[in-house]
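Everything below concerns the one structure shown next.
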Amino acid sequence: MTLLSTAQHLARDTRRNPRAHLVPIIASAVIAAGAVALVAYLLWPTYTTIPPSDPSRLPVSVGGTLFNVPTMAVRMKIQRHSGPQERVDLSFLYPSLDAPAAPKHYSADTVDDKVQPIDRIFVSIAAHHDSLAPDMRLRTIYPRYLDERANMDDGLTARAFRDGTPYGGEDLFIASEPQLTARCTRDTSTPGMCLSERRIDGADLIFRFPRSWLAQWRDIATAMNRLSAQMHSAKG
């Protein structure tokens, strides 16, 4: 009975004012629209979009060993990616050990005919696949080809490889504090270069630098130790 009377009452009110029933509907719509607008305002993101860029360091796995290398230090674009790799080639400015900037572009008009001095140390990280370790090569292979005479200067011992051997035309330099082992070519028409190797788990680190830098061999040994620690730390 109550519902019937209420319906009759609404019917009479509607006949008196046909637009009366629109008022509550419009009011409800306005309230709903306001609520939606408020929720949208509160949830709308306020940050700005930042374009993606290369990370400053890349985690790479070489020989199952994790290294974190500076992106800009990687010499070949094909190697500038994270994940497993067989080999990664890098270069660092010396003595700062910073990653070099993008290479300059030279034309025939701007190139200098003079040989430019090398201002960087080169590092290759390569999987060794259980090849002979550098320290074993030093103890078992090199002594077969070395001259018996040795020269020591400022804590650095130098011995020449005999001519006609696989390392003819090269010299071996060894120091203990800080530790350094380097096999170097001799200066000819081009400056001599040195190669120093060390093994970290499943990978070998091969350092290359000008032979003339051996005049400050302690600085070179320290620089190689720093680079090794920066790229492969106990924290991974």
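Residue numbers start at 1 in each chain; chains themselves are named A, B, ... in the order of the structure tokens; ligands are numbered from 1 in the order shown.
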Which of stretch 48-225 of chain A counts as strand (DSSP E) under DSSP, as a ChimeraX atom specification please?
/A:57-62,65-70,83-85,87-93,120-127,151-153,156-160,170-176,179-185,193-200,203-210
Which residues come within 8 Å of A:Arg75, counting only C-alpha atoms, excluding same-chain residues fewer than 4 positions away, as a compact mmCIF listing (two decimals) with N, CA, C and O atoms, in the first residue's frame?
# COMPACT_ATOMS: atom_id res chain seq x y z
N GLN A 79 79.95 -4.95 -29.20
CA GLN A 79 80.17 -5.49 -27.86
C GLN A 79 79.48 -4.67 -26.77
O GLN A 79 79.56 -5.04 -25.60
N ASP A 89 86.59 -5.78 -25.68
CA ASP A 89 87.78 -4.95 -25.86
C ASP A 89 87.49 -3.54 -25.39
O ASP A 89 86.50 -2.92 -25.81
N LEU A 90 88.37 -3.03 -24.52
CA LEU A 90 88.16 -1.72 -23.91
C LEU A 90 89.42 -0.86 -24.00
O LEU A 90 90.50 -1.38 -24.26
N SER A 91 89.24 0.42 -23.76
CA SER A 91 90.39 1.33 -23.65
C SER A 91 90.08 2.37 -22.59
O SER A 91 88.92 2.77 -22.41
Find the spatial neighbours of A:Asn151, counting only C-alpha atoms, within a cut-off of 12 Å - ignore same-chain residues fewer than 2 positions away - and output them as an MDAnalysis selection string.
chainID A and resid 147:149 153:160 171:175
Could you write those residues out with all heavy atoms, as a CSV table (one decimal), in the first residue's frame?
chain,number,residue,atom,x,y,z
A,147,ASP,N,117.3,-15.2,-22.6
A,147,ASP,CA,118.7,-15.1,-22.4
A,147,ASP,C,119.1,-15.2,-20.9
A,147,ASP,O,118.3,-14.7,-20.1
A,147,ASP,CB,119.2,-13.7,-23.0
A,147,ASP,CG,120.7,-13.7,-23.2
A,147,ASP,OD1,121.4,-13.8,-22.1
A,147,ASP,OD2,121.1,-13.4,-24.3
A,148,GLU,N,120.2,-15.7,-20.6
A,148,GLU,CA,120.6,-15.9,-19.2
A,148,GLU,C,120.9,-14.5,-18.5
A,148,GLU,O,120.7,-14.4,-17.3
A,148,GLU,CB,121.8,-16.8,-19.1
A,148,GLU,CG,121.5,-18.2,-19.5
A,148,GLU,CD,122.8,-19.1,-19.3
A,148,GLU,OE1,123.8,-18.5,-18.9
A,148,GLU,OE2,122.7,-20.3,-19.6
A,149,ARG,N,121.3,-13.5,-19.3
A,149,ARG,CA,121.7,-12.2,-18.7
A,149,ARG,C,120.4,-11.5,-18.3
A,149,ARG,O,119.4,-11.5,-19.0
A,149,ARG,CB,122.5,-11.4,-19.7
A,149,ARG,CG,123.9,-12.0,-20.0
A,149,ARG,CD,124.5,-11.3,-21.2
A,149,ARG,NE,123.8,-11.5,-22.4
A,149,ARG,CZ,124.1,-10.9,-23.6
A,149,ARG,NH1,125.1,-10.1,-23.7
A,149,ARG,NH2,123.3,-11.2,-24.6
A,153,ASP,N,116.8,-2.4,-13.0
A,153,ASP,CA,116.8,-0.9,-12.9
A,153,ASP,C,115.6,-0.5,-12.1
A,153,ASP,O,114.5,-0.7,-12.5
A,153,ASP,CB,116.8,-0.3,-14.3
A,153,ASP,CG,116.9,1.2,-14.3
A,153,ASP,OD1,117.3,1.7,-13.2
A,153,ASP,OD2,116.5,1.8,-15.3
A,154,ASP,N,115.9,0.1,-11.0
A,154,ASP,CA,114.8,0.7,-10.1
A,154,ASP,C,113.8,-0.4,-9.8
A,154,ASP,O,112.6,-0.2,-9.8
A,154,ASP,CB,114.1,1.8,-10.8
A,154,ASP,CG,113.2,2.6,-9.9
A,154,ASP,OD1,113.4,2.6,-8.7
A,154,ASP,OD2,112.2,3.2,-10.4
A,155,GLY,N,114.2,-1.6,-9.5
A,155,GLY,CA,113.4,-2.7,-9.0
A,155,GLY,C,112.7,-3.5,-10.2
A,155,GLY,O,111.9,-4.4,-9.9
A,156,LEU,N,113.0,-3.1,-11.4
A,156,LEU,CA,112.4,-3.8,-12.6
A,156,LEU,C,113.5,-4.6,-13.3
A,156,LEU,O,114.5,-4.0,-13.7
A,156,LEU,CB,111.8,-2.8,-13.5
A,156,LEU,CG,111.1,-3.3,-14.7
A,156,LEU,CD1,109.8,-4.1,-14.3
A,156,LEU,CD2,110.7,-2.2,-15.7
A,157,THR,N,113.3,-5.9,-13.4
A,157,THR,CA,114.2,-6.8,-14.0
A,157,THR,C,113.8,-7.0,-15.5
A,157,THR,O,112.7,-7.3,-15.8
A,157,THR,CB,114.3,-8.2,-13.3
A,157,THR,OG1,114.6,-7.9,-11.9
A,157,THR,CG2,115.3,-9.1,-13.9
A,158,ALA,N,114.8,-6.9,-16.3
A,158,ALA,CA,114.6,-7.1,-17.8
A,158,ALA,C,115.5,-8.2,-18.3
A,158,ALA,O,116.7,-8.3,-18.0
A,158,ALA,CB,114.9,-5.8,-18.5
A,159,ARG,N,114.9,-9.1,-19.1
A,159,ARG,CA,115.6,-10.2,-19.7
A,159,ARG,C,115.1,-10.3,-21.2
A,159,ARG,O,113.9,-10.2,-21.5
A,159,ARG,CB,115.4,-11.5,-19.0
A,159,ARG,CG,116.0,-11.6,-17.6
A,159,ARG,CD,115.7,-13.0,-17.0
A,159,ARG,NE,116.4,-14.0,-17.7
A,159,ARG,CZ,116.3,-15.3,-17.4
A,159,ARG,NH1,115.5,-15.7,-16.4
A,159,ARG,NH2,117.0,-16.2,-18.0
A,160,ALA,N,116.1,-10.5,-22.1
A,160,ALA,CA,115.8,-10.5,-23.5
A,160,ALA,C,115.5,-12.0,-23.9
A,160,ALA,O,116.1,-12.9,-23.4
A,160,ALA,CB,116.9,-10.0,-24.3
A,171,ASP,N,111.3,-8.5,-25.0
A,171,ASP,CA,112.0,-8.6,-23.7
A,171,ASP,C,110.9,-8.8,-22.7
A,171,ASP,O,109.7,-8.4,-22.8
A,171,ASP,CB,112.7,-7.2,-23.4
A,171,ASP,CG,113.8,-6.9,-24.4
A,171,ASP,OD1,114.6,-7.8,-24.7
A,171,ASP,OD2,113.7,-5.8,-25.0
A,172,LEU,N,111.3,-9.5,-21.6
A,172,LEU,CA,110.4,-9.8,-20.5
A,172,LEU,C,110.8,-8.9,-19.3
A,172,LEU,O,112.0,-8.8,-18.9
A,172,LEU,CB,110.5,-11.2,-20.1
A,172,LEU,CG,109.6,-11.7,-19.0
A,172,LEU,CD1,108.2,-11.6,-19.4
A,172,LEU,CD2,110.0,-13.1,-18.5
A,173,PHE,N,109.8,-8.2,-18.7
A,173,PHE,CA,110.1,-7.3,-17.6
A,173,PHE,C,109.3,-7.9,-16.4
A,173,PHE,O,108.1,-8.2,-16.5
A,173,PHE,CB,109.6,-5.9,-17.9
A,173,PHE,CG,110.4,-5.2,-18.9
A,173,PHE,CD1,110.1,-5.4,-20.3
A,173,PHE,CD2,111.5,-4.5,-18.6
A,173,PHE,CE1,110.9,-4.7,-21.2
A,173,PHE,CE2,112.3,-3.8,-19.5
A,173,PHE,CZ,112.0,-4.0,-20.9
A,174,ILE,N,109.9,-8.0,-15.2
A,174,ILE,CA,109.3,-8.5,-14.0
A,174,ILE,C,109.6,-7.7,-12.8
A,174,ILE,O,110.8,-7.2,-12.7
A,174,ILE,CB,109.8,-10.0,-13.8
A,174,ILE,CG1,109.5,-10.9,-14.9
A,174,ILE,CG2,109.2,-10.5,-12.5
A,174,ILE,CD1,110.0,-12.3,-14.8
A,175,ALA,N,108.7,-7.4,-12.0
A,175,ALA,CA,108.9,-6.7,-10.7
A,175,ALA,C,107.9,-7.4,-9.7
A,175,ALA,O,106.9,-8.0,-10.0
A,175,ALA,CB,108.5,-5.2,-10.9
**OP:** Considering only C-alpha atoms, return as a PyMOL selection string whatever protein or nucleic-acid residues lie within 6 Å of A:Gly63, sequence-local ones (same chain, fewer than 2 positions apart) excluded.
**Re:** chain A and resi 65+127+202-203
For this session: Enter the distance from atom CA of A:Ser124 to atom CA of A:Pro100, in Å, rounded to one decimal.
Result: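 Distance reported for this atom pair: 15.5 Å.
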- atom CA of A:Val60 and atom CA of A:Ala99 are how many Å apart?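 Between atom CA of A:Val60 and atom CA of A:Ala99 the gap is 16.6 Å.
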One decimal place gives the atom CA of A:Arg218-atom CA of A:Pro178 separation as 6.4 Å
